[in-house]
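entry_39.txt follows (compact mmCIF, C-alpha atoms and all ligand atoms):
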# COMPACT_ATOMS: atom_id res chain seq x y z
CA MET A 1 112.82 109.97 144.95
CA SER A 2 111.14 113.05 143.58
CA MET A 3 112.44 115.22 140.76
CA ILE A 4 113.38 118.01 143.15
CA ILE A 5 115.11 115.95 145.82
CA ILE A 6 117.70 114.32 143.57
CA PRO A 7 119.26 117.59 142.25
CA ILE A 8 119.30 118.97 145.82
CA GLN A 9 121.02 115.80 147.05
CA ILE A 10 123.61 115.92 144.28
CA PHE A 11 124.27 119.60 144.96
CA THR A 12 124.72 118.93 148.70
CA ILE A 13 127.06 116.03 147.97
CA MET A 14 129.13 118.17 145.59
CA VAL A 15 129.49 120.99 148.12
CA ALA A 16 130.35 118.57 150.94
CA SER A 17 132.93 116.85 148.70
CA TRP A 18 134.47 120.17 147.70
CA VAL A 19 134.94 121.21 151.34
CA ALA A 20 136.16 117.74 152.39
CA ALA A 21 138.68 117.68 149.52
CA GLY A 22 139.86 121.16 150.56
CA LEU A 23 140.43 119.81 154.06
CA ILE A 24 142.37 116.83 152.65
CA ASN A 25 144.57 119.22 150.64
CA TYR A 26 145.13 121.41 153.69
CA LEU A 27 146.11 118.43 155.90
CA ALA A 28 148.33 116.96 153.16
CA ASP A 29 150.08 120.33 152.85
CA VAL A 30 150.70 121.12 156.54
CA LEU A 31 150.83 117.77 158.41
CA PRO A 32 153.96 116.20 156.85
CA VAL A 33 155.86 119.50 157.00
CA SER A 34 154.96 121.01 160.37
CA ARG A 35 153.49 117.95 162.18
CA LYS A 36 150.70 120.09 163.58
CA LEU A 37 147.68 122.03 162.41
CA VAL A 38 149.26 125.36 161.53
CA ARG A 39 147.85 128.00 159.21
CA PRO A 40 148.47 127.15 155.55
CA SER A 41 151.03 129.27 153.74
CA CYS A 42 152.15 129.89 150.17
CA LYS A 43 154.91 127.47 149.14
CA ASN A 44 156.60 130.17 147.11
CA CYS A 45 156.64 133.32 149.29
CA SER A 46 155.46 131.73 152.60
CA LEU A 47 152.74 134.31 153.08
CA SER A 48 150.21 132.78 155.45
CA LEU A 49 146.86 132.18 153.82
CA ASN A 50 143.34 132.33 155.17
CA LEU A 51 142.25 128.78 155.99
CA ILE A 52 138.64 129.30 154.89
CA TYR A 53 139.63 130.60 151.45
CA TYR A 54 142.31 127.92 151.22
CA ILE A 55 139.74 125.20 151.72
CA ALA A 56 136.86 126.80 149.82
CA TRP A 57 138.38 128.36 146.74
CA PRO A 58 142.17 128.41 146.48
CA ILE A 59 143.36 129.54 143.06
CA LYS A 60 146.56 131.48 143.64
CA CYS A 61 148.53 133.36 146.28
CA SER A 62 147.36 136.98 146.65
CA ASN A 63 150.94 138.13 147.22
CA CYS A 64 153.13 136.42 144.61
CA GLY A 65 150.47 134.95 142.31
CA LYS A 66 151.72 131.35 142.65
CA LYS A 67 148.96 128.93 141.69
CA VAL A 68 148.03 126.02 143.96
CA ASP A 69 149.62 122.64 143.26
CA PHE A 70 147.96 120.65 140.50
CA ARG A 71 147.41 117.95 143.14
CA HIS A 72 144.74 120.19 144.71
CA TRP A 73 142.60 119.80 141.59
CA ILE A 74 143.26 116.08 141.27
CA VAL A 75 142.15 115.59 144.89
CA ARG A 76 139.09 117.82 144.47
CA PHE A 77 137.76 116.21 141.32
CA GLY A 78 138.94 112.71 142.18
CA PHE A 79 137.23 112.88 145.57
CA MET A 80 133.99 114.20 144.02
CA LEU A 81 133.91 111.33 141.52
CA LEU A 82 134.54 108.75 144.26
CA VAL A 83 131.79 110.23 146.44
CA LEU A 84 129.36 110.30 143.50
CA PHE A 85 130.23 106.65 142.85
CA ILE A 86 129.50 105.52 146.41
CA TRP A 87 126.27 107.55 146.35
CA LEU A 88 125.10 106.01 143.07
CA TYR A 89 126.01 102.46 144.11
CA SER A 90 125.08 102.78 147.79
CA SER A 91 122.65 99.85 147.50
CA SER A 92 125.52 97.46 146.71
CA ILE A 93 127.90 98.86 149.38
CA ALA A 94 127.53 97.53 152.93
CA LEU A 95 128.79 100.75 154.49
CA HIS A 96 126.32 103.64 154.85
CA PHE A 97 126.97 106.81 152.89
CA ILE A 98 128.12 109.15 155.70
CA PRO A 99 130.70 106.76 157.27
CA ALA A 100 131.80 105.82 153.74
CA PHE A 101 132.41 109.53 153.05
CA PHE A 102 134.78 109.78 156.04
CA VAL A 103 136.51 106.51 155.12
CA LEU A 104 137.17 107.94 151.63
CA MET A 105 138.60 111.13 153.18
CA TYR A 106 140.99 109.08 155.31
CA PHE A 107 141.99 106.85 152.37
CA MET A 108 142.70 109.84 150.15
CA LEU A 109 144.69 111.75 152.78
CA VAL A 110 146.93 108.76 153.56
CA SER A 111 147.50 108.06 149.84
CA VAL A 112 148.42 111.67 149.02
CA ILE A 113 150.84 112.05 151.96
CA ASP A 114 152.50 108.69 151.24
CA TYR A 115 152.78 109.46 147.52
CA GLU A 116 154.35 112.87 148.13
CA HIS A 117 156.46 112.24 151.25
CA ARG A 118 156.84 108.43 151.45
CA ILE A 119 155.52 108.33 155.01
CA ILE A 120 152.47 106.98 156.80
CA MET A 121 152.06 109.44 159.66
CA HIS A 122 151.14 108.33 163.19
CA PRO A 123 148.39 110.97 163.69
CA THR A 124 146.59 109.77 160.56
CA SER A 125 147.04 106.14 161.66
CA VAL A 126 145.50 106.89 165.07
CA LEU A 127 142.58 108.61 163.33
CA GLY A 128 142.31 105.65 160.97
CA ALA A 129 142.33 103.13 163.82
CA VAL A 130 139.42 104.91 165.54
CA LEU A 131 137.47 105.07 162.28
CA GLY A 132 138.42 101.46 161.49
CA VAL A 133 137.14 100.16 164.84
CA LEU A 134 133.83 102.05 164.45
CA VAL A 135 133.32 100.90 160.86
CA GLY A 136 134.54 97.36 161.54
CA PHE A 137 132.31 96.79 164.59
CA ASN A 138 129.27 97.98 162.66
CA LEU A 139 130.02 96.02 159.51
CA HIS A 140 131.18 92.67 160.85
CA GLY A 141 131.43 92.70 164.64
CA PHE A 142 134.14 92.47 167.26
CA THR A 143 135.98 89.23 166.44
CA SER A 144 136.28 89.84 162.71
CA THR A 145 137.47 93.43 163.27
CA VAL A 146 140.16 92.47 165.78
CA THR A 147 141.42 89.46 163.82
CA GLY A 148 141.43 91.59 160.64
CA GLY A 149 143.63 94.14 162.40
CA ILE A 150 145.99 91.44 163.70
CA VAL A 151 146.28 89.66 160.34
CA GLY A 152 146.80 92.96 158.49
CA PHE A 153 149.52 94.03 160.94
CA PHE A 154 151.43 90.75 161.02
CA GLY A 155 151.00 90.16 157.29
CA MET A 156 152.71 93.48 156.61
CA LEU A 157 155.27 92.86 159.39
CA ILE A 158 156.40 89.70 157.60
CA LEU A 159 156.75 91.65 154.35
CA TYR A 160 158.59 94.41 156.21
CA LEU A 161 161.12 91.99 157.77
CA PHE A 162 161.52 90.19 154.44
CA GLY A 163 162.06 93.59 152.77
CA SER A 164 164.75 94.71 155.24
CA VAL A 165 166.63 91.40 154.87
CA PHE A 166 166.47 91.84 151.09
CA VAL A 167 167.69 95.45 151.27
CA SER A 168 170.61 94.60 153.59
CA TRP A 169 171.57 91.74 151.25
CA LEU A 170 171.50 94.14 148.28
CA THR A 171 173.51 96.70 150.23
CA ARG A 172 176.22 94.18 151.04
CA ARG A 173 176.29 92.84 147.51
CA ARG A 174 176.63 96.25 145.92
CA GLN A 175 178.78 97.56 148.78
CA LYS A 176 176.95 100.83 148.92
CA GLU A 177 174.18 102.49 150.83
CA MET A 178 170.66 101.91 149.67
CA GLY A 179 168.77 105.17 150.00
CA GLU A 180 165.43 103.97 151.22
CA GLU A 181 163.86 101.02 152.94
CA ALA A 182 161.68 98.80 150.82
CA LEU A 183 158.84 99.21 153.28
CA GLY A 184 158.48 101.57 156.21
CA PHE A 185 157.08 100.59 159.58
CA GLY A 186 154.22 103.01 158.86
CA ASP A 187 153.09 100.56 156.17
CA VAL A 188 152.94 97.80 158.80
CA ILE A 189 150.74 99.99 161.00
CA LEU A 190 148.58 100.92 158.01
CA GLY A 191 148.15 97.20 157.24
CA GLY A 192 146.76 96.71 160.76
CA VAL A 193 144.50 99.78 160.56
CA LEU A 194 143.01 98.73 157.22
CA GLY A 195 142.49 95.21 158.60
CA LEU A 196 140.15 96.72 161.22
CA PHE A 197 138.00 98.26 158.48
CA ILE A 198 137.82 95.10 156.39
CA GLY A 199 137.81 92.30 158.98
CA MET A 200 138.35 88.66 158.12
CA PRO A 201 138.65 87.01 155.65
CA GLY A 202 138.62 90.20 153.53
CA THR A 203 141.94 91.39 154.94
CA ILE A 204 143.80 88.47 153.35
CA ILE A 205 142.32 89.23 149.90
CA SER A 206 142.97 92.93 150.38
CA LEU A 207 146.66 92.29 151.27
CA MET A 208 147.04 90.06 148.22
CA LEU A 209 145.52 92.75 145.99
CA ALA A 210 147.99 95.28 147.46
CA ILE A 211 151.00 93.00 146.97
CA PHE A 212 150.09 92.04 143.38
CA SER A 213 149.20 95.56 142.28
CA ALA A 214 152.37 97.01 143.85
CA GLY A 215 154.40 94.22 142.22
CA ALA A 216 152.85 94.88 138.81
CA VAL A 217 153.49 98.63 139.03
CA SER A 218 157.08 98.05 140.26
CA ILE A 219 157.80 95.80 137.27
CA ILE A 220 156.42 98.42 134.86
CA TYR A 221 158.54 101.07 136.64
CA LEU A 222 161.68 98.91 136.36
CA LEU A 223 161.05 98.18 132.68
CA VAL A 224 160.58 101.88 131.92
CA ALA A 225 163.77 102.68 133.87
CA LEU A 226 165.67 99.98 131.95
CA LEU A 227 164.41 101.32 128.63
CA LYS A 228 165.46 104.83 129.62
CA ARG A 229 168.76 103.43 131.00
CA GLU A 230 168.21 105.03 134.39
CA ASN A 231 169.64 103.72 137.64
CA SER A 232 166.93 101.37 138.82
CA SER A 233 168.16 100.91 142.41
CA ASN A 234 166.61 104.18 143.61
CA LEU A 235 163.17 103.39 142.34
CA THR A 236 161.14 102.68 145.42
CA ILE A 237 157.40 103.09 145.20
CA PRO A 238 155.18 104.13 148.09
CA TYR A 239 153.26 101.12 149.41
CA GLY A 240 150.40 102.98 151.12
CA PRO A 241 148.32 103.72 148.00
CA PHE A 242 148.39 100.01 147.08
CA LEU A 243 147.24 98.95 150.56
CA ILE A 244 144.48 101.56 150.27
CA PHE A 245 143.59 100.23 146.81
CA GLY A 246 143.17 96.72 148.25
CA ALA A 247 141.02 97.98 151.12
CA PHE A 248 138.95 100.20 148.81
CA THR A 249 138.25 97.25 146.52
CA ILE A 250 137.00 95.07 149.38
CA LEU A 251 134.96 97.82 151.05
CA PHE A 252 133.41 99.49 148.01
CA LEU A 253 133.78 97.34 144.92
CA LYS A 254 133.46 93.76 146.18
CA ASN A 255 129.71 93.33 145.66
CA ASN A 256 129.81 95.02 142.25
CA LEU A 257 132.69 92.78 141.16
CA LEU A 258 130.83 89.68 142.37
CA LEU A 259 127.75 90.84 140.40
CA VAL A 260 129.84 91.34 137.26
CA MET A 261 131.31 87.85 137.67
CA GLY A 262 127.82 86.45 138.10
CA TRP A 263 128.25 85.13 141.67
ZN ZN B 1 152.94 133.53 147.53
Could you render the structure from this file as structure tokens?
Amino acid sequence: MSMIIIPIQIFTIMVASWVAAGLINYLADVLPVSRKLVRPSCKNCSLSLNLIYYIAWPIKCSNCGKKVDFRHWIVRFGFMLLVLFIWLYSSSIALHFIPAFFVLMYFMLVSVIDYEHRIIMHPTSVLGAVLGVLVGFNLHGFTSTVTGGIVGFFGMLILYLFGSVFVSWLTRRRQKEMGEEALGFGDVILGGVLGLFIGMPGTIISLMLAIFSAGAVSIIYLLVALLKRENSSNLTIPYGPFLIFGAFTILFLKNNLLLVMGW
């Protein structure tokens, strides 16, 4: 590539990432609260804000001066770094850059909403399923995509049923209400959706990565809570980001990891 084209490409990628991250922030702000695409508004004084400014350059509310959530900046810079990564390593990633860009948007949106609200929303899952079928068919064909979806769904369903039995056992033992379910049914649907993206046998590895990473983080959480002498029964962690982590690893990091391990 010539000396002029590379800076132009990087600039275009940065601008596209900035706008895409703005859109992720907008959707993460309005979807879980209003369940439809309403105009964004200030969380402090509820003044409605101009969508274009909100996506392009939101710093603070013009009425009350409240600054945007810190999450906005994490999403913006985190998304840019991820996009730069897939651009730099595109030769080792099976997925082409443009579809990969949209997959990253979906992954980030689901992770942010699950982290903040502990839900996997149906509209994002429908969007994900469409994207997953398109990506899956192109990457590994019909059979692998469909079986990946089925294995992902039923793998998570087993965990979900196991989790609800465990929670009801705990509830009876402690004779009190447990606040939250260990896993939501949204996680089961997400497992199926991500299975479409990854196909087989990747879905099995991706599920294992999710289960082990979530387990490791839960144990750290529990240990910290024990050390601080907090009540550890309310500490449920969102499962979505771990499922996304597993899928991300298989889709974007697998070949690099295999190279590092010398396979
Ligand atoms: Zn305001």
#### Entry: Atomic distance atom CA of A:Ala129 - atom CA of A:Gly22, expressed in Å with one decimal
22.5 Å
### Query
For A:Gly132, which residue out of A:Leu251, A:Ala216, A:Val188, A:Ile74 is the nearest one, using all atoms listed in the file?
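The answer is A:Leu251, which sits nearest to A:Gly132.
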### Summary
Of A:Tyr26, A:Trp18, A:Lys67, A:Gly163, the one nearest to ligand ZN 1 (chain B) when counting all atoms listed in the file is A:Lys67
### Task
Tell me, as a PyMOL selection string, which residues lie within 12 Å of A:Ser213, counting all atoms listed in the file; anything in the same chain fewer than 5 positions away does not count.
chain A and resi 206-208+218-220+237-246+249
### Query
Using all atoms listed in the file, which residue out of A:Ser46, A:Ile10, A:Lys36, A:Lys228 lies closest to ligand ZN 1 (chain B)?
A:Ser46
### Task
Using only C-alpha atoms and all ligand atoms, find each protein or nucleic acid residue lying at most 10 Å from ligand ZN 1 (chain B); present the set as a PyMOL selection string.
chain A and resi 41-49+60-68
### Task
Give the answer as one residue: which of A:Leu183, A:Met105, A:Leu139, A:Leu226 has the shortest atom-to-atom distance to A:Ala214, using all atoms listed in the file?
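Among the listed residues, A:Leu183 lies closest to A:Ala214.
Taking atom CA of A:Gly215 as the reference point, atom CA of A:Thr145 is found at 27.0 Å.
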### Non-local contacts of A:Ile120 (12 Å; only C-alpha atoms; under 4 positions in same chain excluded) as a PyMOL selection string
chain A and resi 28+31-32+106-107+109-116+124-128+183-191+193+238-241+243-244
### Task
Rounded to one decimal place, report the atom CA of A:Phe79-atom CA of A:Leu51 distance in Å.
19.7 Å
### Task
Have a look at A:Phe212, A:Arg35, A:Gly195, A:Thr143 and name the one nearest to A:Pro123; count only C-alpha atoms.
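Closest candidate: A:Arg35.
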### Nearest residue to A:Ile98 from the set A:Leu196, A:Val217, A:Ile86, A:Lys254 (distances using all atoms listed in the file)
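Checking each candidate against A:Ile98, we get A:Ile86 as the closest.
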N, CA and C atoms for stretch 46-59 of chain A, written as a short mmCIF file (atom, residue, chain, number, x, y, z; two decimals), in the frame of the given file, could you do that?
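That gives us result.cif:
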data_model
loop_
_atom_site.label_atom_id
_atom_site.label_comp_id
_atom_site.auth_asym_id
_atom_site.auth_seq_id
_atom_site.Cartn_x
_atom_site.Cartn_y
_atom_site.Cartn_z
N SER A 46 155.83 132.04 151.22
CA SER A 46 155.46 131.73 152.60
C SER A 46 154.55 132.74 153.29
N LEU A 47 153.79 133.47 152.51
CA LEU A 47 152.74 134.31 153.08
C LEU A 47 151.68 133.40 153.68
N SER A 48 151.22 133.69 154.92
CA SER A 48 150.21 132.78 155.45
C SER A 48 148.85 133.11 154.84
N LEU A 49 148.10 132.04 154.58
CA LEU A 49 146.86 132.18 153.82
C LEU A 49 145.67 131.91 154.74
N ASN A 50 144.55 132.52 154.39
CA ASN A 50 143.34 132.33 155.17
C ASN A 50 142.80 130.92 154.96
N LEU A 51 142.64 130.19 156.07
CA LEU A 51 142.25 128.78 155.99
C LEU A 51 140.92 128.57 155.26
N ILE A 52 139.96 129.45 155.52
CA ILE A 52 138.64 129.30 154.89
C ILE A 52 138.75 129.41 153.37
N TYR A 53 139.45 130.45 152.90
CA TYR A 53 139.63 130.60 151.45
C TYR A 53 140.43 129.43 150.88
N TYR A 54 141.44 129.01 151.66
CA TYR A 54 142.31 127.92 151.22
C TYR A 54 141.51 126.65 150.98
N ILE A 55 140.54 126.41 151.86
CA ILE A 55 139.74 125.20 151.72
C ILE A 55 138.63 125.40 150.68
N ALA A 56 138.03 126.60 150.68
CA ALA A 56 136.86 126.80 149.82
C ALA A 56 137.23 127.05 148.37
N TRP A 57 138.15 127.96 148.12
CA TRP A 57 138.38 128.36 146.74
C TRP A 57 139.81 128.83 146.52
N PRO A 58 140.80 127.96 146.64
CA PRO A 58 142.17 128.41 146.48
C PRO A 58 142.56 128.40 145.00
N ILE A 59 142.91 129.51 144.45
CA ILE A 59 143.36 129.54 143.06
C ILE A 59 144.84 129.92 143.02
#
